[in-house]
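Reviewing the structure listed below.
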Amino acid sequence: MSLNIRSQEVNQLADKLATMAGVSKTEAVRMALSAEIARREESVPLVERIKPIQDYIASFPRTGLKADKAFFDDLNGEP
């Protein structure tokens with residue numbers, strides 16, 4: 001199965017990468033696609049990245065204070 005790239009910009013990018021890497025345009029496209037797939041497979045979803053932060057915050061005891069405007073005004077010394 002062949003790949004026909006009709007975008008002039010994509011062709012130029014493939015040419016540039018091929019020249020920089022010293023490989024054929026086909027190899028440059030293969031390298032770029034492989035790198036992008038690897039990047040996406042290795043990326044950690046946001047929910048997993050923030051879980052340790054959420055766990056850390058949840059480890060603090062509840063104060064029972066309501067964090068409303070009056071609470072923040074009191075913290076800032078405002079009436």
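FYI, nothing fancy with the structure tokens labels: chains A, B, ... in order, residues from 1 per chain, ligands from 1 as they appear.
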
Leu3 of chain A surroundings by only C-alpha atoms, 12 Å radius, close-in-sequence under 3 positions cut, as a ChimeraX atom specification: /A:6-7,11,25-26,29-30

Which residues in chain A does DSSP call helix (DSSP H, G or I)? List them as a ChimeraX atom specification. /A:8-21,25-42,46-58,69-75

To one decimal in Å, tell me the separation between atom CA of Asp74 of chain A and atom CA of Asp55 of chain A.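 A separation of 27.5 Å between them.
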
Of the candidates A:Val47, A:Ile53, A:Ile5, A:Ala14, which one gets nearest to Met31 of chain A if we count only C-alpha atoms? A:Ala14

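Take atom CA of Glu36 of chain A and atom CA of Leu17 of chain A: the distance between them is 14.0 Å.
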